[in-house]
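Take a look at the structure set out below.
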Amino acid sequence: MKITVLGTGYLGATHAASMAEMGFEVLGVDVDPAKVDALSRGELPFHEPGLGELLRKHVDTGCLRFTTSYEEAGAFGDVHFVGVGTPQRAGSFAADMRYVDAAVGSIAAAATKDCVIAGKSTVPVGSARRLADLARASARDGVDVSLVWNPEFLREGYAVEDTLTPDRMVLGAEDAAAEAVMRRVYARQLEAGVPLIVTDFETAELVKVAANAFLATKISFINALSELTEAVGGDIRTLADAIGLDERIGRKFLNAGVGFGGGCLPKDIRALRARAAELGVEQSVRFLAEVDDINVRRRGHTVDTVTQMLGGSVVGKQVAVLGAAFKPDSDDVRDSPALDIAARLHSIGAEVAVYDPKANANAAKRYPRLDYVDSLEAAVTGAEVVVLLTEWAEFKTMTPEQLHPLVAVPQILDGRNVLDPERWSAAGFSYRALGRRATV
Ligand code: NAD
């Protein structure tokens, strides 16, 4: 069985390399020739732990190739995974389905043998049924093209592990033959006991957005509570530990801080609201408006806190921003709280030095006017406040003794609640965190 993966971004490149690791011959397809060239040379155009090695290994053996040609893909693949982007549409909360529609229409028209199209992109509920019709209508005479929906749950930073050994797999399939093909594709995971939930198209699509909406809600819940602990002088970490010990709640995703970002959670909750409104059930997910507001409020609150720490004005003040990626172990800066906060501080007059272990280059493309430096030491030298915004291991393990001789003023804002307040204040830093008592 031969596999194609349409769209070779974060999801698609990971999926293609993982499918090769599972023993399939794989062809990755992208409309971006520069990306295809880089991948064909075994160069990963983004940072993802372990993926570069996997890519090189399978490009070298010839099991994994890349192309811009749908014609080649249509002749090659028995299963075509669709992993193109579904970004937020300009001027709207809805998902932009242009790329998915183009990919499905093109591959169905190009297929010269019977095949299954397996959608992985995150799409508004109702898309799969429409795309199944589009695929059938675009297919050549005598070629059977059927569609299934197989949403992706990988986390950037753990993408390979999540693809090879997921917690669960979900398949929206309304055709027994296509389901059987997908069971063959995932035979290795099924043998290892990974649960596979087979359902209708709509439920499969909704599982993905429901999972992201739940995670976003959990983060905004603890961030809302951190506004309260801050108002009364309580401690959000202790609160999260205490409620997290209740196994009905669980401790994961209860880390208060600057909030969520990235290419998925923010756009997915907005797209769900937009889709619910189109379906006439807007009120069902109205709470997600508040989840979004709480999240965006964190960024303004962080800027206000930095301003306060600098005596009421940031103008001309030296601010060290640690982190630009939306999360550690990733160079993805899409809707990154860290980068947004850095840009906001710069726009109100601060001198901002940004250091991210992997995301400086992507951040510079988005906000070229910030000063990007290539080490932690360079960022904090002369700083009047250090602001930790992405919880990279390098920042979690830095010490006050390391920073003290370099900074101009020993004060730190821990935007991710990952440092030990006692340790930093004992070493002479004034320590602030979102949702915790300040130490001076
Ligand atoms: P991305 O922007 O990194 O990659 C999308 C790729 O699709 C780009 O390389 C683009 O050039 C290519 N493309 C666009 N139109 C194409 C076409 N017609 N044919 C072939 N290629 C085309 O996006 P991503 O982060 O990989 O996300 C892709 C989808 O997966 C989205 O729907 C996203 O919500 C979903 N998803 C992403 C993640 C994640 O962690 N990144 C996790 C789960 C689900």
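We label chains A, B, ... in the order they appear in the structure tokens, count residues from 1 in each chain, and number ligands from 1 in the order shown.
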
- Considering only C-alpha atoms, return as a PyMOL selection string whatever protein or nucleic-acid residues lie within 7 Å of Leu370 in chain A, sequence-local ones (same chain, fewer than 2 positions apart) excluded. chain A and resi 352-353+367-368+372

Residues as selected, N, CA and C atoms, written as an mmCIF file, in the first residue's frame, can you do that?
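What follows is the written file out_33.cif:
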data_model
loop_
_atom_site.group_PDB
_atom_site.id
_atom_site.type_symbol
_atom_site.label_atom_id
_atom_site.label_comp_id
_atom_site.auth_asym_id
_atom_site.auth_seq_id
_atom_site.Cartn_x
_atom_site.Cartn_y
_atom_site.Cartn_z
ATOM 1 N N VAL A 352 13.221 46.142 23.709
ATOM 2 C CA VAL A 352 12.980 44.717 23.992
ATOM 3 C C VAL A 352 14.049 43.847 23.341
ATOM 4 N N ALA A 353 14.722 43.026 24.144
ATOM 5 C CA ALA A 353 15.652 42.031 23.593
ATOM 6 C C ALA A 353 14.994 40.661 23.741
ATOM 7 N N TYR A 367 7.773 39.937 13.379
ATOM 8 C CA TYR A 367 8.008 41.265 13.985
ATOM 9 C C TYR A 367 9.464 41.650 13.802
ATOM 10 N N PRO A 368 9.835 42.125 12.611
ATOM 11 C CA PRO A 368 11.247 42.391 12.341
ATOM 12 C C PRO A 368 11.839 43.510 13.200
ATOM 13 N N TYR A 372 16.454 40.729 18.272
ATOM 14 C CA TYR A 372 16.601 39.299 18.597
ATOM 15 C C TYR A 372 18.057 38.993 18.901
#

- Surrounding residues of range 291-298 of chain A excluding itself and chain neighbours under 3 positions, 8 Å, only C-alpha atoms, as a ChimeraX atom specification: /A:216-217,220-221,223-224,257-260,266,269,287-288,301-302

Please produce an output containing C-alpha atoms for each residue in the selection, written as a PDB file, in the first residue's frame.
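Dumped to selection-v8.pdb:
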ATOM      1  CA  ALA A 216      -8.600  25.843  25.999  1.00  0.00           C
ATOM      2  CA  THR A 217     -11.364  26.006  28.604  1.00  0.00           C
ATOM      3  CA  SER A 220      -8.701  29.797  30.720  1.00  0.00           C
ATOM      4  CA  PHE A 221     -10.380  28.427  33.837  1.00  0.00           C
ATOM      5  CA  ASN A 223      -6.147  31.785  34.344  1.00  0.00           C
ATOM      6  CA  ALA A 224      -9.484  33.268  35.432  1.00  0.00           C
ATOM      7  CA  GLY A 257       0.355  31.980  32.933  1.00  0.00           C
ATOM      8  CA  VAL A 258       0.269  34.064  29.789  1.00  0.00           C
ATOM      9  CA  GLY A 259      -2.278  31.775  28.152  1.00  0.00           C
ATOM     10  CA  PHE A 260      -2.539  29.598  25.082  1.00  0.00           C
ATOM     11  CA  PRO A 266      -7.226  29.963  19.291  1.00  0.00           C
ATOM     12  CA  ILE A 269     -12.382  27.659  19.298  1.00  0.00           C
ATOM     13  CA  PHE A 287     -18.889  30.216  26.741  1.00  0.00           C
ATOM     14  CA  LEU A 288     -15.973  29.898  24.312  1.00  0.00           C
ATOM     15  CA  HIS A 301      -2.295  41.961  32.007  1.00  0.00           C
ATOM     16  CA  THR A 302       1.287  40.821  31.494  1.00  0.00           C
TER      17      THR A 302
END

- Pick out each residue of range 112-355 of chain A that DSSP on the backbone tags as helix (DSSP H, G or I); I need them as a PyMOL selection string. chain A and resi 127-138+159-164+176-185+187-191+201-232+236-244+265-278+282-285+287-309+337-347

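Of the residues under consideration (A:Val160, A:Val209, A:Val79, A:Met398), A:Val79 shows the shortest atom-to-atom contact distance to Arg183 in chain A when counting only C-alpha atoms.
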
- Out of A:Ala102, A:Ala427, A:Ile117, A:Ile222, which residue has the shortest atom-to-atom distance to Asp78 in chain A when counting only C-alpha atoms? A:Ile117

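Using only C-alpha atoms, the contacts of Thr381 in chain A at a cut-off of 7 Å, with sequence neighbours closer than 2 positions omitted, comprise A:Glu377, A:Ala378, A:Ala379, A:Ala383, A:Leu406, A:Val407.
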
Keeping only C-alpha atoms, write the selected residues as a PDB file, in the first residue's frame.
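Output (selection.pdb):
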ATOM      1  CA  GLU A 377      23.036  35.993  28.588  1.00  0.00           C
ATOM      2  CA  ALA A 378      22.795  38.522  25.747  1.00  0.00           C
ATOM      3  CA  ALA A 379      19.085  39.016  26.406  1.00  0.00           C
ATOM      4  CA  ALA A 383      17.873  44.342  31.581  1.00  0.00           C
ATOM      5  CA  LEU A 406      24.274  40.571  34.213  1.00  0.00           C
ATOM      6  CA  VAL A 407      21.019  42.424  34.793  1.00  0.00           C
TER       7      VAL A 407
END
